[in-house]
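This is coords.cif. It holds mmCIF, N, CA and C atoms.
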```cif
data_structure
#
loop_
_atom_site.label_atom_id
_atom_site.label_comp_id
_atom_site.auth_asym_id
_atom_site.auth_seq_id
_atom_site.Cartn_x
_atom_site.Cartn_y
_atom_site.Cartn_z
N GLN A 1 -9.96 13.34 10.58
CA GLN A 1 -8.77 13.43 9.72
C GLN A 1 -7.78 12.34 10.05
N VAL A 2 -7.15 11.84 9.01
CA VAL A 2 -6.09 10.85 9.18
C VAL A 2 -4.92 11.26 8.29
N GLN A 3 -3.78 11.50 8.88
CA GLN A 3 -2.56 11.72 8.09
C GLN A 3 -1.82 10.41 7.95
N LEU A 4 -1.34 10.18 6.75
CA LEU A 4 -0.63 8.94 6.44
C LEU A 4 0.75 9.27 5.89
N VAL A 5 1.75 8.56 6.38
CA VAL A 5 3.12 8.78 5.92
C VAL A 5 3.71 7.44 5.50
N GLU A 6 4.02 7.34 4.20
CA GLU A 6 4.62 6.12 3.67
C GLU A 6 6.14 6.21 3.72
N SER A 7 6.76 5.04 3.77
CA SER A 7 8.21 4.95 3.66
C SER A 7 8.57 3.58 3.14
N GLY A 8 9.84 3.41 2.76
CA GLY A 8 10.31 2.10 2.35
C GLY A 8 10.52 1.93 0.86
N GLY A 9 10.16 2.93 0.07
CA GLY A 9 10.39 2.82 -1.36
C GLY A 9 11.87 2.94 -1.70
N GLY A 10 12.17 2.70 -2.96
CA GLY A 10 13.56 2.80 -3.39
C GLY A 10 13.79 2.07 -4.68
N LEU A 11 15.06 1.85 -4.97
CA LEU A 11 15.48 1.15 -6.18
C LEU A 11 15.81 -0.30 -5.83
N VAL A 12 15.27 -1.22 -6.58
CA VAL A 12 15.51 -2.64 -6.33
C VAL A 12 15.65 -3.35 -7.67
N GLN A 13 16.43 -4.41 -7.69
CA GLN A 13 16.61 -5.17 -8.91
C GLN A 13 15.42 -6.11 -9.13
N PRO A 14 15.18 -6.47 -10.38
CA PRO A 14 14.11 -7.45 -10.64
C PRO A 14 14.33 -8.73 -9.83
N GLY A 15 13.24 -9.23 -9.28
CA GLY A 15 13.31 -10.40 -8.41
C GLY A 15 13.54 -10.07 -6.95
N GLY A 16 13.82 -8.82 -6.67
CA GLY A 16 14.08 -8.41 -5.30
C GLY A 16 12.81 -8.13 -4.51
N SER A 17 13.01 -7.68 -3.27
CA SER A 17 11.89 -7.43 -2.36
C SER A 17 12.02 -6.06 -1.72
N LEU A 18 10.88 -5.52 -1.35
CA LEU A 18 10.81 -4.31 -0.56
C LEU A 18 9.63 -4.42 0.38
N ARG A 19 9.73 -3.73 1.49
CA ARG A 19 8.58 -3.62 2.38
C ARG A 19 8.25 -2.15 2.58
N LEU A 20 7.05 -1.78 2.20
CA LEU A 20 6.57 -0.42 2.41
C LEU A 20 5.84 -0.34 3.74
N SER A 21 5.97 0.80 4.39
CA SER A 21 5.28 1.05 5.65
C SER A 21 4.44 2.31 5.51
N CYS A 22 3.36 2.33 6.25
CA CYS A 22 2.48 3.51 6.27
C CYS A 22 2.02 3.71 7.70
N VAL A 23 2.41 4.83 8.26
CA VAL A 23 2.05 5.14 9.64
C VAL A 23 0.92 6.17 9.63
N ALA A 24 -0.13 5.86 10.39
CA ALA A 24 -1.29 6.75 10.49
C ALA A 24 -1.19 7.62 11.74
N SER A 25 -1.83 8.78 11.65
CA SER A 25 -1.75 9.75 12.75
C SER A 25 -2.72 9.43 13.89
N ARG A 26 -3.58 8.46 13.67
CA ARG A 26 -4.50 8.06 14.74
C ARG A 26 -4.73 6.56 14.64
N SER A 27 -5.43 6.02 15.60
CA SER A 27 -5.66 4.58 15.62
C SER A 27 -6.33 4.10 14.35
N ILE A 28 -5.74 3.10 13.73
CA ILE A 28 -6.35 2.55 12.52
C ILE A 28 -7.50 1.61 12.83
N LEU A 29 -7.74 1.37 14.09
CA LEU A 29 -8.94 0.60 14.46
C LEU A 29 -10.20 1.39 14.15
N SER A 30 -10.05 2.73 14.05
CA SER A 30 -11.19 3.58 13.71
C SER A 30 -11.37 3.74 12.21
N VAL A 31 -10.48 3.10 11.45
CA VAL A 31 -10.54 3.15 9.98
C VAL A 31 -11.16 1.85 9.49
N ASP A 32 -12.07 1.96 8.54
CA ASP A 32 -12.75 0.75 8.08
C ASP A 32 -11.83 -0.17 7.29
N SER A 33 -10.96 0.43 6.48
CA SER A 33 -10.08 -0.40 5.68
C SER A 33 -8.83 0.40 5.32
N MET A 34 -7.70 -0.27 5.37
CA MET A 34 -6.43 0.29 4.93
C MET A 34 -6.06 -0.36 3.60
N GLY A 35 -5.47 0.43 2.72
CA GLY A 35 -5.13 -0.13 1.42
C GLY A 35 -3.85 0.43 0.85
N TRP A 36 -3.38 -0.23 -0.18
CA TRP A 36 -2.23 0.23 -0.97
C TRP A 36 -2.65 0.33 -2.42
N TYR A 37 -2.28 1.44 -3.01
CA TYR A 37 -2.50 1.70 -4.43
C TYR A 37 -1.15 2.01 -5.07
N ARG A 38 -1.14 2.02 -6.38
CA ARG A 38 0.03 2.52 -7.09
C ARG A 38 -0.42 3.25 -8.35
N GLN A 39 0.46 4.11 -8.79
CA GLN A 39 0.21 4.82 -10.04
C GLN A 39 1.46 4.75 -10.89
N ARG A 40 1.35 4.05 -12.00
CA ARG A 40 2.46 3.94 -12.93
C ARG A 40 2.42 5.11 -13.89
N PRO A 41 3.55 5.46 -14.48
CA PRO A 41 3.60 6.60 -15.39
C PRO A 41 2.57 6.48 -16.50
N GLY A 42 1.76 7.51 -16.66
CA GLY A 42 0.76 7.52 -17.73
C GLY A 42 -0.47 6.67 -17.46
N LYS A 43 -0.55 6.10 -16.25
CA LYS A 43 -1.67 5.21 -15.92
C LYS A 43 -2.49 5.79 -14.77
N GLU A 44 -3.69 5.26 -14.60
CA GLU A 44 -4.52 5.66 -13.47
C GLU A 44 -4.07 4.94 -12.20
N ARG A 45 -4.42 5.53 -11.09
CA ARG A 45 -4.11 4.89 -9.81
C ARG A 45 -4.92 3.60 -9.70
N GLU A 46 -4.26 2.53 -9.25
CA GLU A 46 -4.93 1.23 -9.16
C GLU A 46 -4.79 0.66 -7.75
N LEU A 47 -5.85 0.00 -7.32
CA LEU A 47 -5.84 -0.65 -6.01
C LEU A 47 -5.09 -1.96 -6.10
N LEU A 48 -4.14 -2.14 -5.18
CA LEU A 48 -3.35 -3.37 -5.16
C LEU A 48 -3.82 -4.32 -4.07
N ALA A 49 -4.07 -3.79 -2.90
CA ALA A 49 -4.39 -4.63 -1.76
C ALA A 49 -5.15 -3.80 -0.74
N SER A 50 -6.05 -4.46 -0.03
CA SER A 50 -6.78 -3.79 1.05
C SER A 50 -7.00 -4.76 2.19
N LYS A 51 -7.04 -4.20 3.38
CA LYS A 51 -7.21 -5.04 4.57
C LYS A 51 -8.19 -4.32 5.51
N PRO A 52 -9.43 -4.79 5.56
CA PRO A 52 -10.38 -4.18 6.49
C PRO A 52 -9.96 -4.41 7.93
N THR A 53 -10.46 -3.55 8.81
CA THR A 53 -10.17 -3.73 10.22
C THR A 53 -10.75 -5.05 10.72
N TYR A 54 -11.93 -5.37 10.23
CA TYR A 54 -12.58 -6.63 10.59
C TYR A 54 -12.89 -7.37 9.30
N GLY A 55 -11.91 -8.08 8.79
CA GLY A 55 -12.11 -8.81 7.54
C GLY A 55 -10.81 -9.32 7.00
N ILE A 56 -10.90 -9.95 5.85
CA ILE A 56 -9.71 -10.55 5.26
C ILE A 56 -9.18 -9.65 4.15
N ALA A 57 -7.93 -9.85 3.85
CA ALA A 57 -7.28 -9.04 2.82
C ALA A 57 -7.73 -9.48 1.43
N SER A 58 -7.66 -8.54 0.51
CA SER A 58 -7.92 -8.85 -0.89
C SER A 58 -6.84 -8.20 -1.74
N TYR A 59 -6.62 -8.79 -2.92
CA TYR A 59 -5.51 -8.37 -3.77
C TYR A 59 -5.93 -8.26 -5.23
N ALA A 60 -5.26 -7.37 -5.94
CA ALA A 60 -5.41 -7.33 -7.38
C ALA A 60 -4.70 -8.55 -7.98
N ASP A 61 -5.21 -9.02 -9.10
CA ASP A 61 -4.63 -10.19 -9.74
C ASP A 61 -3.16 -9.97 -10.08
N SER A 62 -2.80 -8.74 -10.40
CA SER A 62 -1.43 -8.45 -10.83
C SER A 62 -0.40 -8.64 -9.73
N VAL A 63 -0.84 -8.65 -8.48
CA VAL A 63 0.12 -8.77 -7.38
C VAL A 63 -0.17 -9.97 -6.48
N LYS A 64 -1.24 -10.68 -6.74
CA LYS A 64 -1.62 -11.82 -5.90
C LYS A 64 -0.50 -12.85 -5.90
N GLY A 65 -0.13 -13.28 -4.71
CA GLY A 65 0.94 -14.27 -4.59
C GLY A 65 2.33 -13.65 -4.45
N ARG A 66 2.45 -12.36 -4.76
CA ARG A 66 3.74 -11.68 -4.64
C ARG A 66 3.74 -10.62 -3.54
N PHE A 67 2.61 -9.95 -3.36
CA PHE A 67 2.50 -8.87 -2.38
C PHE A 67 1.62 -9.34 -1.22
N THR A 68 1.95 -8.85 -0.03
CA THR A 68 1.16 -9.17 1.16
C THR A 68 0.94 -7.89 1.97
N ILE A 69 -0.32 -7.63 2.28
CA ILE A 69 -0.66 -6.49 3.13
C ILE A 69 -0.86 -6.99 4.56
N SER A 70 -0.38 -6.21 5.50
CA SER A 70 -0.58 -6.57 6.89
C SER A 70 -0.73 -5.31 7.71
N ARG A 71 -1.30 -5.47 8.88
CA ARG A 71 -1.55 -4.33 9.76
C ARG A 71 -1.00 -4.62 11.14
N ASP A 72 -0.43 -3.60 11.75
CA ASP A 72 -0.07 -3.64 13.16
C ASP A 72 -0.89 -2.55 13.82
N ASN A 73 -2.03 -2.94 14.36
CA ASN A 73 -2.95 -1.93 14.90
C ASN A 73 -2.35 -1.20 16.09
N ALA A 74 -1.51 -1.88 16.84
CA ALA A 74 -0.90 -1.25 18.01
C ALA A 74 0.05 -0.12 17.61
N LYS A 75 0.62 -0.22 16.41
CA LYS A 75 1.55 0.80 15.91
C LYS A 75 0.91 1.72 14.90
N ASN A 76 -0.39 1.54 14.67
CA ASN A 76 -1.10 2.35 13.67
C ASN A 76 -0.41 2.30 12.31
N THR A 77 0.04 1.13 11.95
CA THR A 77 0.86 0.96 10.77
C THR A 77 0.33 -0.15 9.88
N VAL A 78 0.40 0.09 8.59
CA VAL A 78 0.08 -0.94 7.62
C VAL A 78 1.30 -1.14 6.72
N TYR A 79 1.52 -2.37 6.33
CA TYR A 79 2.70 -2.72 5.55
C TYR A 79 2.28 -3.33 4.21
N LEU A 80 3.18 -3.22 3.27
CA LEU A 80 3.03 -3.95 2.01
C LEU A 80 4.36 -4.63 1.73
N GLN A 81 4.38 -5.94 1.91
CA GLN A 81 5.56 -6.73 1.58
C GLN A 81 5.49 -7.10 0.11
N MET A 82 6.51 -6.72 -0.63
CA MET A 82 6.52 -6.94 -2.07
C MET A 82 7.69 -7.84 -2.42
N ASN A 83 7.39 -9.00 -2.97
CA ASN A 83 8.41 -9.96 -3.35
C ASN A 83 8.39 -10.18 -4.86
N ASN A 84 9.49 -10.74 -5.36
CA ASN A 84 9.61 -11.03 -6.78
C ASN A 84 9.20 -9.83 -7.64
N LEU A 85 9.78 -8.71 -7.34
CA LEU A 85 9.41 -7.48 -8.03
C LEU A 85 9.82 -7.52 -9.49
N LYS A 86 9.00 -6.88 -10.31
CA LYS A 86 9.21 -6.84 -11.75
C LYS A 86 9.33 -5.39 -12.21
N PRO A 87 9.96 -5.17 -13.35
CA PRO A 87 10.07 -3.78 -13.84
C PRO A 87 8.71 -3.09 -13.95
N GLU A 88 7.68 -3.84 -14.27
CA GLU A 88 6.35 -3.24 -14.40
C GLU A 88 5.72 -2.86 -13.07
N ASP A 89 6.38 -3.20 -11.98
CA ASP A 89 5.93 -2.75 -10.66
C ASP A 89 6.42 -1.34 -10.35
N THR A 90 7.26 -0.80 -11.22
CA THR A 90 7.76 0.56 -11.02
C THR A 90 6.59 1.55 -11.01
N ALA A 91 6.49 2.31 -9.91
CA ALA A 91 5.35 3.21 -9.74
C ALA A 91 5.54 4.02 -8.46
N VAL A 92 4.64 4.97 -8.28
CA VAL A 92 4.51 5.62 -6.97
C VAL A 92 3.44 4.87 -6.21
N TYR A 93 3.78 4.46 -5.00
CA TYR A 93 2.89 3.66 -4.17
C TYR A 93 2.27 4.54 -3.09
N TYR A 94 0.96 4.40 -2.95
CA TYR A 94 0.20 5.23 -2.01
C TYR A 94 -0.53 4.36 -0.99
N CYS A 95 -0.52 4.82 0.22
CA CYS A 95 -1.30 4.22 1.29
C CYS A 95 -2.65 4.94 1.35
N SER A 96 -3.69 4.21 1.72
CA SER A 96 -5.01 4.83 1.84
C SER A 96 -5.71 4.35 3.10
N ALA A 97 -6.60 5.21 3.58
CA ALA A 97 -7.42 4.87 4.74
C ALA A 97 -8.86 5.24 4.41
N LEU A 98 -9.72 4.23 4.43
CA LEU A 98 -11.13 4.44 4.11
C LEU A 98 -11.94 4.55 5.40
N VAL A 99 -12.64 5.65 5.53
CA VAL A 99 -13.55 5.84 6.65
C VAL A 99 -14.94 5.99 6.06
N THR A 100 -15.77 5.00 6.27
CA THR A 100 -17.11 5.00 5.70
C THR A 100 -17.88 6.23 6.15
N GLY A 101 -18.51 6.88 5.16
CA GLY A 101 -19.29 8.08 5.45
C GLY A 101 -18.46 9.35 5.47
N VAL A 102 -17.13 9.20 5.41
CA VAL A 102 -16.27 10.38 5.42
C VAL A 102 -15.50 10.46 4.11
N GLY A 103 -14.80 9.39 3.78
CA GLY A 103 -14.04 9.39 2.54
C GLY A 103 -12.74 8.63 2.67
N VAL A 104 -11.86 8.87 1.71
CA VAL A 104 -10.57 8.20 1.65
C VAL A 104 -9.46 9.21 1.90
N TYR A 105 -8.56 8.84 2.77
CA TYR A 105 -7.38 9.65 3.03
C TYR A 105 -6.19 9.01 2.33
N TRP A 106 -5.25 9.86 1.89
CA TRP A 106 -4.10 9.39 1.13
C TRP A 106 -2.80 9.86 1.76
N GLY A 107 -1.78 9.02 1.60
CA GLY A 107 -0.44 9.45 1.92
C GLY A 107 0.15 10.21 0.75
N GLN A 108 1.40 10.62 0.92
CA GLN A 108 2.05 11.43 -0.11
C GLN A 108 2.68 10.60 -1.21
N GLY A 109 2.79 9.30 -0.97
CA GLY A 109 3.34 8.40 -1.96
C GLY A 109 4.83 8.16 -1.76
N THR A 110 5.26 6.99 -2.19
CA THR A 110 6.68 6.64 -2.15
C THR A 110 7.04 5.95 -3.46
N GLN A 111 8.16 6.33 -4.02
CA GLN A 111 8.56 5.82 -5.33
C GLN A 111 9.22 4.46 -5.19
N VAL A 112 8.79 3.52 -6.02
CA VAL A 112 9.43 2.22 -6.14
C VAL A 112 9.90 2.07 -7.58
N THR A 113 11.18 1.80 -7.74
CA THR A 113 11.75 1.60 -9.08
C THR A 113 12.40 0.23 -9.12
N VAL A 114 11.97 -0.58 -10.09
CA VAL A 114 12.51 -1.92 -10.26
C VAL A 114 13.31 -1.92 -11.56
N SER A 115 14.61 -2.03 -11.42
CA SER A 115 15.48 -1.93 -12.58
C SER A 115 16.82 -2.56 -12.28
N SER A 116 17.42 -3.12 -13.32
CA SER A 116 18.76 -3.67 -13.16
C SER A 116 19.81 -2.63 -13.55
#
```
File written out as structure tokens:
Amino acid sequence: QVQLVESGGGLVQPGGSLRLSCVASRSILSVDSMGWYRQRPGKERELLASKPTYGIASYADSVKGRFTISRDNAKNTVYLQMNNLKPEDTAVYYCSALVTGVGVYWGQGTQVTVSS
């Protein structure tokens, strides 16, 4: 089992930045990949970024160049730095932990609202 707790969401103006954090209840070195998803109103949950424990990060085209995923394995934490935010980035953002052969664990989500 892995419990995930996200934080860092909030209200930001277009063009602004936010950094989301996700703290795991156990070492993320035992997790194959950490990721960030979002779910916009009326839309399906979409993968934004993922960072394997042993591998390079990958991004959805919609956020490439604006969002950066990073991991601090010593703190069991994964981050999502979001720059140049747009109104269409408004969503609930979820952290995920993939454990091969077991499944995907989810955080409770954090709301990000981009509005002037």
request  = Quick one: apply the PyMOL selection byres (((chain A and resi 21-29 and name CA) around 12) and name CA) to the file and drop the selected residues here as number ranges by chain.
outcome  = A: 1-9, 18-20, 30-37, 51-54, 68-82, 93-99, 105-110
ask   = So which residues of chain A fall under helix (DSSP H, G or I) by DSSP, listed as a ChimeraX atom specification?
value = /A:28-30,73-75,87-89
query = How many Å separate CA of Ser58 in chain A from CA of Glu46 in chain A?
reply =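 Taking CA of Ser58 in chain A as the start and CA of Glu46 in chain A as the end point, the length is 13.4 Å.
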ask   = chain A: which residues are strand (DSSP E or B) by DSSP, as number ranges by chain?
value = A: 4-7, 10-12, 18-24, 33-39, 46-52, 58-59, 67-72, 77-82, 91-99, 103-106, 110-114
query = Can you tell me, as a VMD selection string, what residues are no more than 5 Å from Val114 in chain A when counting only N, CA and C atoms, ignoring any on the same chain fewer than 5 positions away?
reply = chain A and resid 12 87 90
note = Closest of A:Leu48, A:Val112, A:Val63, A:Leu11 to Asp89 in chain A, counting only N, CA and C atoms, is A:Val112
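Residues of protein, DNA and RNA with at least one atom no farther than 9 Å from (4.8, 1.6, -15.4) are, using only C-alpha atoms, A:Gln39, A:Arg40, A:Pro41, A:Gly42, A:Lys43, A:Pro87, A:Glu88, A:Asp89, A:Thr90, A:Ala91.
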Let's have the selection written as a compact mmCIF listing (two decimals), keeping the file's coordinate frame, with N, CA and C atoms.
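Just written: part.txt:
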```
# COMPACT_ATOMS: atom_id res chain seq x y z
N GLN A 39 0.46 4.11 -8.79
CA GLN A 39 0.21 4.82 -10.04
C GLN A 39 1.46 4.75 -10.89
N ARG A 40 1.35 4.05 -12.00
CA ARG A 40 2.46 3.94 -12.93
C ARG A 40 2.42 5.11 -13.89
N PRO A 41 3.55 5.46 -14.48
CA PRO A 41 3.60 6.60 -15.39
C PRO A 41 2.57 6.48 -16.50
N GLY A 42 1.76 7.51 -16.66
CA GLY A 42 0.76 7.52 -17.73
C GLY A 42 -0.47 6.67 -17.46
N LYS A 43 -0.55 6.10 -16.25
CA LYS A 43 -1.67 5.21 -15.92
C LYS A 43 -2.49 5.79 -14.77
N PRO A 87 9.96 -5.17 -13.35
CA PRO A 87 10.07 -3.78 -13.84
C PRO A 87 8.71 -3.09 -13.95
N GLU A 88 7.68 -3.84 -14.27
CA GLU A 88 6.35 -3.24 -14.40
C GLU A 88 5.72 -2.86 -13.07
N ASP A 89 6.38 -3.20 -11.98
CA ASP A 89 5.93 -2.75 -10.66
C ASP A 89 6.42 -1.34 -10.35
N THR A 90 7.26 -0.80 -11.22
CA THR A 90 7.76 0.56 -11.02
C THR A 90 6.59 1.55 -11.01
N ALA A 91 6.49 2.31 -9.91
CA ALA A 91 5.35 3.21 -9.74
C ALA A 91 5.54 4.02 -8.46
```
ask   = Can you list, as JSON, numbers by chain, the residues that the PyMOL selection byres ((chain A and resi 84) around 5) selects here?
value = {"A": [15, 16, 82, 83, 85, 86]}
message = For a test of reading the model, state the distance in Å between CA of Gly103 in chain A and CA of Phe67 in chain A, rounded to one decimal.
response = 25.1 Å
ask   = atom N of Ala49 in chain A and atom N of Gly65 in chain A are how many Å apart?
value =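 These atoms are spaced 10.4 Å apart.
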inquiry  = When you count all atoms listed in the file, which of these residues is closest to Ser116 in chain A: A:Gln13, A:Ile56, A:Arg66, A:Arg38?
reply    =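 Of A:Gln13, A:Ile56, A:Arg66, A:Arg38, the one nearest Ser116 in chain A is A:Gln13, counting all atoms listed in the file.
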